[in-house]
file start-v5.pdb (PDB, C-alpha atoms and all ligand atoms)
ATOM      1  CA  MET Z   1      64.243  74.983  55.178
ATOM      2  CA  LEU Z   2      61.213  77.072  56.155
ATOM      3  CA  GLU Z   3      60.005  79.199  53.272
ATOM      4  CA  LEU Z   4      57.351  81.896  53.305
ATOM      5  CA  ASP Z   5      56.198  83.246  49.983
ATOM      6  CA  ASP Z   6      53.948  86.295  49.810
ATOM      7  CA  VAL Z   7      52.249  85.408  53.094
ATOM      8  CA  ALA Z   8      49.310  87.560  54.187
ATOM      9  CA  ALA Z   9      47.245  86.947  57.318
ATOM     10  CA  GLY Z  10      44.624  88.660  59.398
ATOM     11  CA  TYR Z  11      41.275  88.393  61.065
ATOM     12  CA  ARG Z  12      37.760  88.164  59.670
ATOM     13  CA  GLY Z  13      39.041  88.412  56.104
ATOM     14  CA  LYS Z  14      40.980  91.616  56.793
ATOM     15  CA  PRO Z  15      44.768  91.238  56.439
ATOM     16  CA  VAL Z  16      46.905  92.854  59.140
ATOM     17  CA  VAL Z  17      50.170  91.592  57.669
ATOM     18  CA  SER Z  18      50.960  91.005  54.005
ATOM     19  CA  GLY Z  19      53.657  90.431  51.405
ATOM     20  CA  VAL Z  20      56.030  88.473  53.642
ATOM     21  CA  SER Z  21      58.571  86.367  51.727
ATOM     22  CA  VAL Z  22      61.530  84.944  53.596
ATOM     23  CA  SER Z  23      63.594  81.737  53.658
ATOM     24  CA  ILE Z  24      65.068  80.416  56.876
ATOM     25  CA  PRO Z  25      67.610  77.619  56.484
ATOM     26  CA  ARG Z  26      67.643  74.666  58.887
ATOM     27  CA  GLY Z  27      69.222  75.888  62.110
ATOM     28  CA  GLY Z  28      68.599  79.538  61.193
ATOM     29  CA  TRP Z  29      67.059  82.113  63.517
ATOM     30  CA  LEU Z  30      64.692  84.753  62.176
ATOM     31  CA  ALA Z  31      63.657  87.589  64.488
ATOM     32  CA  ILE Z  32      60.458  89.447  63.615
ATOM     33  CA  ILE Z  33      60.695  92.964  64.990
ATOM     34  CA  GLY Z  34      58.533  96.057  64.708
ATOM     35  CA  PRO Z  35      56.399  98.446  66.735
ATOM     36  CA  ASN Z  36      53.284  97.448  68.689
ATOM     37  CA  GLY Z  37      50.460  96.324  66.440
ATOM     38  CA  ALA Z  38      52.754  95.864  63.401
ATOM     39  CA  GLY Z  39      51.545  92.282  62.899
ATOM     40  CA  LYS Z  40      54.434  90.288  64.419
ATOM     41  CA  SER Z  41      52.312  87.895  66.494
ATOM     42  CA  THR Z  42      49.847  87.496  63.639
ATOM     43  CA  LEU Z  43      52.638  86.445  61.287
ATOM     44  CA  LEU Z  44      53.939  83.953  63.850
ATOM     45  CA  LYS Z  45      50.420  82.553  64.339
ATOM     46  CA  ALA Z  46      50.018  82.207  60.573
ATOM     47  CA  ILE Z  47      53.223  80.137  60.419
ATOM     48  CA  ALA Z  48      51.903  78.050  63.326
ATOM     49  CA  GLY Z  49      48.667  77.529  61.366
ATOM     50  CA  LEU Z  50      46.593  79.299  64.012
ATOM     51  CA  VAL Z  51      45.234  82.081  61.828
ATOM     52  CA  PRO Z  52      44.233  81.722  58.174
ATOM     53  CA  TYR Z  53      46.725  82.984  55.635
ATOM     54  CA  THR Z  54      47.232  83.294  51.896
ATOM     55  CA  GLY Z  55      50.516  82.728  50.084
ATOM     56  CA  SER Z  56      52.578  79.697  50.980
ATOM     57  CA  VAL Z  57      54.429  78.337  53.980
ATOM     58  CA  MET Z  58      56.694  75.422  53.053
ATOM     59  CA  TRP Z  59      58.670  73.198  55.406
ATOM     60  CA  ASN Z  60      61.221  70.908  53.790
ATOM     61  CA  GLU Z  61      59.649  71.652  50.417
ATOM     62  CA  GLN Z  62      56.165  70.574  51.517
ATOM     63  CA  PRO Z  63      53.253  72.943  52.048
ATOM     64  CA  VAL Z  64      52.562  72.865  55.797
ATOM     65  CA  GLN Z  65      48.807  72.577  55.111
ATOM     66  CA  ASN Z  66      49.566  69.054  53.859
ATOM     67  CA  LEU Z  67      50.982  67.953  57.220
ATOM     68  CA  SER Z  68      48.781  65.864  59.505
ATOM     69  CA  ALA Z  69      48.026  67.235  62.973
ATOM     70  CA  ARG Z  70      50.666  64.937  64.497
ATOM     71  CA  GLU Z  71      53.291  65.823  61.865
ATOM     72  CA  ARG Z  72      52.574  69.478  62.475
ATOM     73  CA  ALA Z  73      52.907  69.086  66.249
ATOM     74  CA  LYS Z  74      56.246  67.352  65.737
ATOM     75  CA  ALA Z  75      57.441  70.023  63.318
ATOM     76  CA  PHE Z  76      56.213  73.226  65.032
ATOM     77  CA  GLY Z  77      56.524  74.206  68.678
ATOM     78  CA  TYR Z  78      54.646  77.427  69.360
ATOM     79  CA  ALA Z  79      54.928  79.478  72.538
ATOM     80  CA  PRO Z  80      52.321  82.258  72.610
ATOM     81  CA  GLN Z  81      52.942  85.616  74.234
ATOM     82  CA  ALA Z  82      50.379  85.267  77.040
ATOM     83  CA  PRO Z  83      49.007  81.732  77.178
ATOM     84  CA  LEU Z  84      46.207  80.648  79.462
ATOM     85  CA  LEU Z  85      47.737  78.074  81.765
ATOM     86  CA  PRO Z  86      46.032  75.196  83.560
ATOM     87  CA  ASP Z  87      46.744  76.702  86.983
ATOM     88  CA  GLY Z  88      46.224  73.505  88.966
ATOM     89  CA  LEU Z  89      48.850  71.530  87.035
ATOM     90  CA  SER Z  90      52.405  71.118  88.324
ATOM     91  CA  VAL Z  91      55.303  72.514  86.310
ATOM     92  CA  SER Z  92      56.572  69.034  85.389
ATOM     93  CA  SER Z  93      53.112  67.707  84.389
ATOM     94  CA  TYR Z  94      52.630  70.781  82.243
ATOM     95  CA  ALA Z  95      56.039  70.418  80.569
ATOM     96  CA  LEU Z  96      55.262  66.728  79.991
ATOM     97  CA  LEU Z  97      52.316  67.802  77.796
ATOM     98  CA  GLY Z  98      54.985  68.822  75.279
ATOM     99  CA  ARG Z  99      55.780  65.138  74.796
ATOM    100  CA  THR Z 100      52.248  64.312  73.549
ATOM    101  CA  PRO Z 101      53.070  64.362  69.801
ATOM    102  CA  HIS Z 102      55.810  61.789  70.442
ATOM    103  CA  LEU Z 103      53.528  59.253  72.164
ATOM    104  CA  GLY Z 104      51.721  56.493  70.333
ATOM    105  CA  THR Z 105      47.928  56.307  70.496
ATOM    106  CA  LEU Z 106      46.888  55.619  74.108
ATOM    107  CA  ALA Z 107      50.571  55.321  75.054
ATOM    108  CA  ARG Z 108      51.836  56.706  78.340
ATOM    109  CA  GLU Z 109      54.997  58.705  78.799
ATOM    110  CA  GLY Z 110      58.141  56.603  79.201
ATOM    111  CA  PRO Z 111      61.551  57.138  80.816
ATOM    112  CA  ARG Z 112      62.844  59.076  77.808
ATOM    113  CA  ASP Z 113      59.949  61.555  78.060
ATOM    114  CA  PHE Z 114      60.593  62.121  81.774
ATOM    115  CA  ALA Z 115      64.317  62.520  81.085
ATOM    116  CA  VAL Z 116      63.696  65.145  78.386
ATOM    117  CA  VAL Z 117      61.413  67.102  80.727
ATOM    118  CA  GLN Z 118      63.883  66.914  83.590
ATOM    119  CA  GLN Z 119      66.688  68.170  81.370
ATOM    120  CA  VAL Z 120      64.633  71.064  80.016
ATOM    121  CA  LEU Z 121      63.467  72.077  83.507
ATOM    122  CA  SER Z 122      66.977  72.099  84.806
ATOM    123  CA  ARG Z 123      68.269  74.100  81.839
ATOM    124  CA  LEU Z 124      65.519  76.671  82.463
ATOM    125  CA  ASP Z 125      66.300  76.837  86.173
ATOM    126  CA  LEU Z 126      62.937  75.264  87.048
ATOM    127  CA  ALA Z 127      64.111  71.920  88.465
ATOM    128  CA  THR Z 128      63.547  72.954  92.081
ATOM    129  CA  MET Z 129      59.935  73.957  91.329
ATOM    130  CA  ALA Z 130      59.011  70.911  89.236
ATOM    131  CA  GLU Z 131      56.222  69.916  91.644
ATOM    132  CA  ARG Z 132      54.884  73.439  92.249
ATOM    133  CA  LYS Z 133      51.454  74.292  90.820
ATOM    134  CA  LEU Z 134      51.566  76.761  87.936
ATOM    135  CA  ARG Z 135      49.346  79.216  89.857
ATOM    136  CA  THR Z 136      52.014  79.606  92.538
ATOM    137  CA  LEU Z 137      54.735  80.774  90.116
ATOM    138  CA  SER Z 138      55.943  84.314  89.525
ATOM    139  CA  GLY Z 139      55.414  85.879  86.087
ATOM    140  CA  GLY Z 140      58.920  85.056  84.874
ATOM    141  CA  GLU Z 141      58.701  81.502  86.242
ATOM    142  CA  ARG Z 142      55.398  80.953  84.410
ATOM    143  CA  GLN Z 143      56.961  82.246  81.205
ATOM    144  CA  ARG Z 144      59.799  79.756  81.618
ATOM    145  CA  ALA Z 145      57.285  76.941  82.256
ATOM    146  CA  VAL Z 146      55.600  77.746  78.926
ATOM    147  CA  LEU Z 147      58.966  77.553  77.200
ATOM    148  CA  ALA Z 148      59.750  74.282  78.998
ATOM    149  CA  ARG Z 149      56.642  72.685  77.477
ATOM    150  CA  VAL Z 150      57.586  73.879  73.986
ATOM    151  CA  LEU Z 151      61.230  72.828  74.301
ATOM    152  CA  ALA Z 152      60.177  69.400  75.627
ATOM    153  CA  GLN Z 153      58.219  69.011  72.389
ATOM    154  CA  GLN Z 154      61.598  68.779  70.564
ATOM    155  CA  THR Z 155      60.325  70.139  67.282
ATOM    156  CA  GLY Z 156      62.210  71.017  64.120
ATOM    157  CA  ILE Z 157      60.942  74.593  64.302
ATOM    158  CA  LEU Z 158      60.416  76.811  67.342
ATOM    159  CA  LEU Z 159      57.971  79.705  67.032
ATOM    160  CA  LEU Z 160      58.484  81.936  70.054
ATOM    161  CA  ASP Z 161      56.324  85.003  70.649
ATOM    162  CA  GLU Z 162      58.233  87.420  72.870
ATOM    163  CA  PRO Z 163      59.985  84.617  74.767
ATOM    164  CA  THR Z 164      61.880  86.978  77.070
ATOM    165  CA  THR Z 165      58.853  88.969  78.274
ATOM    166  CA  GLY Z 166      58.957  89.187  82.048
ATOM    167  CA  LEU Z 167      62.378  87.559  82.307
ATOM    168  CA  ASP Z 168      65.278  89.280  84.056
ATOM    169  CA  ILE Z 169      68.447  89.795  82.019
ATOM    170  CA  GLY Z 170      70.091  86.615  83.348
ATOM    171  CA  HIS Z 171      67.122  84.338  82.691
ATOM    172  CA  ALA Z 172      66.535  85.994  79.296
ATOM    173  CA  GLN Z 173      70.137  85.247  78.346
ATOM    174  CA  ALA Z 174      69.931  81.675  79.650
ATOM    175  CA  LEU Z 175      66.802  81.066  77.602
ATOM    176  CA  LEU Z 176      68.214  82.574  74.414
ATOM    177  CA  ASP Z 177      71.492  80.679  74.916
ATOM    178  CA  LEU Z 178      69.517  77.451  75.303
ATOM    179  CA  VAL Z 179      67.543  78.101  72.113
ATOM    180  CA  ASP Z 180      70.789  79.011  70.352
ATOM    181  CA  ARG Z 181      72.333  75.730  71.473
ATOM    182  CA  LEU Z 182      69.343  73.785  70.144
ATOM    183  CA  ARG Z 183      69.754  75.322  66.744
ATOM    184  CA  THR Z 184      73.504  74.754  66.524
ATOM    185  CA  GLU Z 185      73.443  71.236  68.040
ATOM    186  CA  ASP Z 186      70.121  69.878  66.723
ATOM    187  CA  GLY Z 187      69.556  72.111  63.694
ATOM    188  CA  THR Z 188      66.352  73.528  65.225
ATOM    189  CA  THR Z 189      65.007  76.419  63.156
ATOM    190  CA  VAL Z 190      63.839  79.415  65.196
ATOM    191  CA  VAL Z 191      61.383  82.193  64.422
ATOM    192  CA  SER Z 192      60.780  84.617  67.268
ATOM    193  CA  THR Z 193      59.309  88.014  67.823
ATOM    194  CA  LEU Z 194      61.481  90.178  70.049
ATOM    195  CA  HIS Z 195      61.018  93.684  71.372
ATOM    196  CA  ASP Z 196      64.568  93.895  72.663
ATOM    197  CA  LEU Z 197      66.363  94.940  69.486
ATOM    198  CA  THR Z 198      69.856  94.465  70.889
ATOM    199  CA  LEU Z 199      69.053  90.868  71.862
ATOM    200  CA  ALA Z 200      67.395  90.328  68.465
ATOM    201  CA  GLY Z 201      70.624  91.442  66.782
ATOM    202  CA  GLN Z 202      72.793  89.322  69.069
ATOM    203  CA  TYR Z 203      70.926  86.041  68.590
ATOM    204  CA  ALA Z 204      69.095  86.074  65.247
ATOM    205  CA  ASP Z 205      70.999  85.744  62.008
ATOM    206  CA  GLN Z 206      68.169  87.318  60.024
ATOM    207  CA  LEU Z 207      65.733  90.084  60.977
ATOM    208  CA  VAL Z 208      62.481  91.206  59.425
ATOM    209  CA  LEU Z 209      61.219  94.640  60.430
ATOM    210  CA  LEU Z 210      57.440  94.966  60.101
ATOM    211  CA  ASP Z 211      55.575  98.249  60.209
ATOM    212  CA  LYS Z 212      51.810  98.470  59.730
ATOM    213  CA  GLY Z 213      51.744  94.919  58.429
ATOM    214  CA  GLU Z 214      54.428  95.376  55.780
ATOM    215  CA  VAL Z 215      58.055  94.324  55.601
ATOM    216  CA  VAL Z 216      60.074  97.549  55.643
ATOM    217  CA  ALA Z 217      63.574  96.110  56.161
ATOM    218  CA  THR Z 218      65.107  92.670  56.076
ATOM    219  CA  GLY Z 219      68.601  91.222  56.413
ATOM    220  CA  ASP Z 220      71.223  90.811  59.112
ATOM    221  CA  ALA Z 221      71.476  92.950  62.242
ATOM    222  CA  GLY Z 222      73.994  95.350  60.701
ATOM    223  CA  ARG Z 223      71.545  96.151  57.948
ATOM    224  CA  VAL Z 224      68.207  96.229  59.787
ATOM    225  CA  LEU Z 225      69.288  97.799  63.076
ATOM    226  CA  ASP Z 226      69.999 101.133  61.475
ATOM    227  CA  ALA Z 227      69.372 104.154  63.705
ATOM    228  CA  GLU Z 228      67.526 106.166  61.107
ATOM    229  CA  VAL Z 229      65.344 103.241  59.975
ATOM    230  CA  LEU Z 230      64.460 102.260  63.553
ATOM    231  CA  ALA Z 231      63.779 105.835  64.671
ATOM    232  CA  ARG Z 232      61.389 106.306  61.764
ATOM    233  CA  HIS Z 233      59.430 103.095  62.125
ATOM    234  CA  TYR Z 234      59.284 103.024  65.932
ATOM    235  CA  ASP Z 235      58.807 106.792  66.165
ATOM    236  CA  ALA Z 236      61.548 106.788  68.792
ATOM    237  CA  ARG Z 237      64.696 108.684  69.696
ATOM    238  CA  LEU Z 238      67.633 106.283  69.729
ATOM    239  CA  ASN Z 239      71.269 105.666  68.922
ATOM    240  CA  VAL Z 240      72.809 102.519  67.549
ATOM    241  CA  LEU Z 241      76.243 101.864  69.066
ATOM    242  CA  HIS Z 242      78.458  98.895  68.302
ATOM    243  CA  GLY Z 243      79.730  96.319  70.782
ATOM    244  CA  PRO Z 244      83.315  94.984  70.746
ATOM    245  CA  ASP Z 245      82.301  92.237  68.272
ATOM    246  CA  GLY Z 246      80.536  94.751  66.039
ATOM    247  CA  THR Z 247      76.965  93.783  67.017
ATOM    248  CA  PRO Z 248      74.595  96.747  67.168
ATOM    249  CA  VAL Z 249      73.461  97.996  70.573
ATOM    250  CA  VAL Z 250      70.248 100.002  70.427
ATOM    251  CA  VAL Z 251      70.180 102.735  73.059
ATOM    252  CA  PRO Z 252      67.219 105.025  73.727
ATOM    253  CA  LYS Z 253      68.014 108.745  73.879
ATOM    254  CA  ARG Z 254      66.324 110.876  76.489
ATOM    255  CA  ARG Z 255      65.108 114.248  75.286
TER     256      ARG Z 255
HETATM  257  N1  LIG Z 301      42.040  88.286  67.217
HETATM  258  C1  LIG Z 301      42.113  89.478  66.612
HETATM  259  N2  LIG Z 301      41.023  89.997  65.985
HETATM  260  C2  LIG Z 301      41.099  91.200  65.348
HETATM  261  N3  LIG Z 301      42.232  91.957  65.271
HETATM  262  C3  LIG Z 301      43.328  91.479  65.871
HETATM  263  C4  LIG Z 301      43.340  90.232  66.575
HETATM  264  N4  LIG Z 301      44.585  90.033  67.075
HETATM  265  C5  LIG Z 301      45.310  91.113  66.708
HETATM  266  N5  LIG Z 301      44.557  91.982  65.986
HETATM  267  C6  LIG Z 301      45.013  93.260  65.407
HETATM  268  O1  LIG Z 301      46.001  92.976  64.423
HETATM  269  C7  LIG Z 301      47.021  93.946  64.445
HETATM  270  C8  LIG Z 301      48.367  93.251  64.614
HETATM  271  O2  LIG Z 301      48.383  92.633  65.908
HETATM  272  P1  LIG Z 301      49.600  91.738  66.377
HETATM  273  O3  LIG Z 301      49.253  91.162  67.708
HETATM  274  O4  LIG Z 301      49.982  90.797  65.298
HETATM  275  O5  LIG Z 301      50.742  92.849  66.526
HETATM  276  P2  LIG Z 301      52.181  92.777  67.192
HETATM  277  O6  LIG Z 301      53.140  93.372  66.196
HETATM  278  O7  LIG Z 301      52.496  91.409  67.657
HETATM  279  O8  LIG Z 301      51.996  93.785  68.402
HETATM  280  P3  LIG Z 301      52.637  93.856  69.899
HETATM  281  O9  LIG Z 301      54.073  94.291  69.721
HETATM  282  O10 LIG Z 301      51.833  94.952  70.528
HETATM  283  O11 LIG Z 301      52.495  92.525  70.549
HETATM  284  C9  LIG Z 301      46.700  94.908  65.586
HETATM  285  O12 LIG Z 301      46.084  96.040  65.030
HETATM  286  C10 LIG Z 301      45.717  94.134  66.443
HETATM  287  O13 LIG Z 301      44.807  95.007  67.070
END
call {"tool": "encode", "arguments": {"input": "start-v5.pdb", "output": "C-alpha cells", "more": "lines below"}}
Ligand SMILES: Nc1ncnc2c1ncn2[C@@H]1O[C@H](COP(=O)(O)OP(=O)(O)OP(=O)(O)O)[C@@H](O)[C@H]1O
result
Amino acid sequence: MLELDDVAAGYRGKPVVSGVSVSIPRGGWLAIIGPNGAGKSTLLKAIAGLVPYTGSVMWNEQPVQNLSARERAKAFGYAPQAPLLPDGLSVSSYALLGRTPHLGTLAREGPRDFAVVQQVLSRLDLATMAERKLRTLSGGERQRAVLARVLAQQTGILLLDEPTTGLDIGHAQALLDLVDRLRTEDGTTVVSTLHDLTLAGQYADQLVLLDKGEVVATGDAGRVLDAEVLARHYDARLNVLHGPDGTPVVVPKRR
C-alpha cells in the first residue's frame, strides 16, 4: 500500500502542489492528470523523494524517508519525462543500470540480470537494437530505453512521468499493456502522469485531477472523466463518449 497524506511539494520553499491525500493498494494504478503546469511531475518527484515535501508518504506502513538508499531504489522505479541520457552507452548497458540496486557491493551483474534485461528489451521491441548507442535512437526508441531501465529495476512501485510521450499508438499500447501485466502478475503498484485522458481511463483504476496544484477531482474514470469537469479545468472544448465496455473516450471538439 502506498499512502499519501496531505502531501505538499514545490521549489525553493514555495509549494506548487498541496493537499494531496490518496491510497493506492498493492497492484493499483493511479493516474495523475491535469493541465500543463498543474503540478503532476512535481507530485511524482515528491513521491520519488526528488523534491522536498511536507505531509507523509508511506510504503507498506513505513515512512519512505526511513528507507535506506538501496531500499528506496528497490522500492521505487522512477522514469522522468525528459531524462538526460548517457549518449555513448548501448541500449542494453543502459538498461542493465536498472539492476544496480539488486547487486551486492562490488558485485558484477550475473546471468539473471542479463536475462531480465533481455526480456524487458524484447517486450519493449528493443531487442534488435540492444547494441545500438543511445544517441542513434529515435525519440520514441529513446523513451522506450528509459522505460527498459526502470522496468529492469523490478521495483514494487513504478513512477512513470508521461511514459507514452513520443510513442506511436501501437508502442504506447504495448508499453501500457506491459506495465498492466506487471501489476496484475507481480503486484507492482503504478503511479503515472498521463496527458492522454482516454488511455488514463483505460489503464488506471484511480485518477487524480490536479489543477493549479490542487486536487479538484478524484476517483475512477467514470467519475473523473466528466465532460464538464474536464472542459472547465483544461479550458478545452470536448465530448466524453463511451466505448463498448463503458470506458470514457475523451474527444476534442473543433469550433
Ligand atoms: N525546478 C523548478 N523550479 C521552479 N519551479 C518549477 C520547477 N519545476 C517546475 N516548476 C513549476 O512548478 C509548476 C508545476 O510544474 P510541473 O512540472 O509539476 O507541472 P506538470 O503538471 O507536470 O506540467 P506539464 O503537463 O506541462 O508537464 C509549474 O508552474 C512549473 O513552472
call {"tool": "closest_atom_pairs", "arguments": {"input": "start-v5.pdb", "of": "chain Z", "to": "ligand LIG 301 (chain Z)", "cutoff": "8 Å", "atoms": "only C-alpha atoms and all ligand atoms", "output": "Markdown table"}}
result
| residue | atom | partner | partner_atom | distance |
| --- | --- | --- | --- | --- |
| Z:Gly10 | CA | Z:LIG301 | O1 | 6.8 |
| Z:Tyr11 | CA | Z:LIG301 | C2 | 5.1 |
| Z:Arg12 | CA | Z:LIG301 | C2 | 7.3 |
| Z:Val16 | CA | Z:LIG301 | O1 | 5.4 |
| Z:Val17 | CA | Z:LIG301 | C8 | 7.4 |
| Z:Ile33 | CA | Z:LIG301 | O6 | 7.7 |
| Z:Gly34 | CA | Z:LIG301 | O6 | 6.2 |
| Z:Pro35 | CA | Z:LIG301 | O9 | 5.6 |
| Z:Asn36 | CA | Z:LIG301 | O9 | 3.4 |
| Z:Gly37 | CA | Z:LIG301 | O5 | 3.5 |
| Z:Ala38 | CA | Z:LIG301 | O6 | 3.8 |
| Z:Gly39 | CA | Z:LIG301 | O4 | 3.2 |
| Z:Lys40 | CA | Z:LIG301 | O6 | 3.8 |
| Z:Ser41 | CA | Z:LIG301 | O7 | 3.7 |
| Z:Thr42 | CA | Z:LIG301 | O4 | 3.7 |
| Z:Leu43 | CA | Z:LIG301 | O4 | 6.5 |
| Z:Gln81 | CA | Z:LIG301 | O11 | 7.8 |
| Z:Thr193 | CA | Z:LIG301 | O7 | 7.6 |
| Z:His195 | CA | Z:LIG301 | O9 | 7.2 |
| Z:Leu210 | CA | Z:LIG301 | O6 | 7.6 |
| Z:Lys212 | CA | Z:LIG301 | C8 | 7.9 |
| Z:Gly213 | CA | Z:LIG301 | C8 | 7.2 |
call {"tool": "closest_residue", "arguments": {"input": "start-v5.pdb", "among": "Z:Ala75, Z:Ala8, Z:Leu30, Z:Ile47", "to": "Ala221 (chain Z)", "atoms": "only C-alpha atoms"}}
result
Z:Leu30
call {"tool": "closest_atom_pairs", "arguments": {"input": "start-v5.pdb", "of": "region 54-78 of chain Z", "to": "region 139-157 of chain Z", "cutoff": "10 Å", "atoms": "all atoms listed in the file", "output": "JSON lines"}}
result
{"residue": "Z:Trp59", "atom": "CA", "partner": "Z:Ile157", "partner_atom": "CA", "distance": 9.3}
{"residue": "Z:Glu71", "atom": "CA", "partner": "Z:Thr155", "partner_atom": "CA", "distance": 9.9}
{"residue": "Z:Arg72", "atom": "CA", "partner": "Z:Thr155", "partner_atom": "CA", "distance": 9.1}
{"residue": "Z:Ala73", "atom": "CA", "partner": "Z:Thr155", "partner_atom": "CA", "distance": 7.6}
{"residue": "Z:Lys74", "atom": "CA", "partner": "Z:Thr155", "partner_atom": "CA", "distance": 5.2}
{"residue": "Z:Ala75", "atom": "CA", "partner": "Z:Thr155", "partner_atom": "CA", "distance": 4.9}
{"residue": "Z:Phe76", "atom": "CA", "partner": "Z:Ile157", "partner_atom": "CA", "distance": 5.0}
{"residue": "Z:Gly77", "atom": "CA", "partner": "Z:Val150", "partner_atom": "CA", "distance": 5.4}
{"residue": "Z:Tyr78", "atom": "CA", "partner": "Z:Val150", "partner_atom": "CA", "distance": 6.5}
call {"tool": "axis_aligned_box", "arguments": {"input": "start-v5.pdb", "around": "region 70-87 of chain Z", "padding_each_side": "8 Å", "output": "lines of an AutoDock Vina configuration file"}}
result
center_x = 51.7
center_y = 75.3
center_z = 74.4
size_x = 27.4
size_y = 36.7
size_z = 41.1
call {"tool": "atom_distance", "arguments": {"input": "start-v5.pdb", "atom1": "CA of Thr136 (chain Z)", "atom2": "CA of Thr100 (chain Z)"}}
result
24.4 Å
call {"tool": "resolve_selection", "arguments": {"input": "start-v5.pdb", "expression": "the PyMOL selection byres (((chain Z and resi 175) around 12) and not hetatm)", "output": "number ranges by chain"}}
result
Z: 120-126, 140-141, 143-148, 151, 160, 162-165, 167-174, 176-182, 199, 203
call {"tool": "write_last_selection", "arguments": {"input": "start-v5.pdb", "atoms": "C-alpha atoms", "output": "compact mmCIF listing (two decimals), in the frame of the given file"}}
result
# COMPACT_ATOMS: atom_id res chain seq x y z
CA VAL Z 120 64.63 71.06 80.02
CA LEU Z 121 63.47 72.08 83.51
CA SER Z 122 66.98 72.10 84.81
CA ARG Z 123 68.27 74.10 81.84
CA LEU Z 124 65.52 76.67 82.46
CA ASP Z 125 66.30 76.84 86.17
CA LEU Z 126 62.94 75.26 87.05
CA GLY Z 140 58.92 85.06 84.87
CA GLU Z 141 58.70 81.50 86.24
CA GLN Z 143 56.96 82.25 81.20
CA ARG Z 144 59.80 79.76 81.62
CA ALA Z 145 57.28 76.94 82.26
CA VAL Z 146 55.60 77.75 78.93
CA LEU Z 147 58.97 77.55 77.20
CA ALA Z 148 59.75 74.28 79.00
CA LEU Z 151 61.23 72.83 74.30
CA LEU Z 160 58.48 81.94 70.05
CA GLU Z 162 58.23 87.42 72.87
CA PRO Z 163 59.98 84.62 74.77
CA THR Z 164 61.88 86.98 77.07
CA THR Z 165 58.85 88.97 78.27
CA LEU Z 167 62.38 87.56 82.31
CA ASP Z 168 65.28 89.28 84.06
CA ILE Z 169 68.45 89.80 82.02
CA GLY Z 170 70.09 86.62 83.35
CA HIS Z 171 67.12 84.34 82.69
CA ALA Z 172 66.54 85.99 79.30
CA GLN Z 173 70.14 85.25 78.35
CA ALA Z 174 69.93 81.68 79.65
CA LEU Z 176 68.21 82.57 74.41
CA ASP Z 177 71.49 80.68 74.92
CA LEU Z 178 69.52 77.45 75.30
CA VAL Z 179 67.54 78.10 72.11
CA ASP Z 180 70.79 79.01 70.35
CA ARG Z 181 72.33 75.73 71.47
CA LEU Z 182 69.34 73.78 70.14
CA LEU Z 199 69.05 90.87 71.86
CA TYR Z 203 70.93 86.04 68.59
call {"tool": "atom_distance", "arguments": {"input": "start-v5.pdb", "atom1": "CA of Pro252 (chain Z)", "atom2": "CA of Val240 (chain Z)"}}
result
8.7 Å
call {"tool": "atom_distance", "arguments": {"input": "start-v5.pdb", "atom1": "CA of Asp5 (chain Z)", "atom2": "CA of Met58 (chain Z)"}}
result
8.4 Å
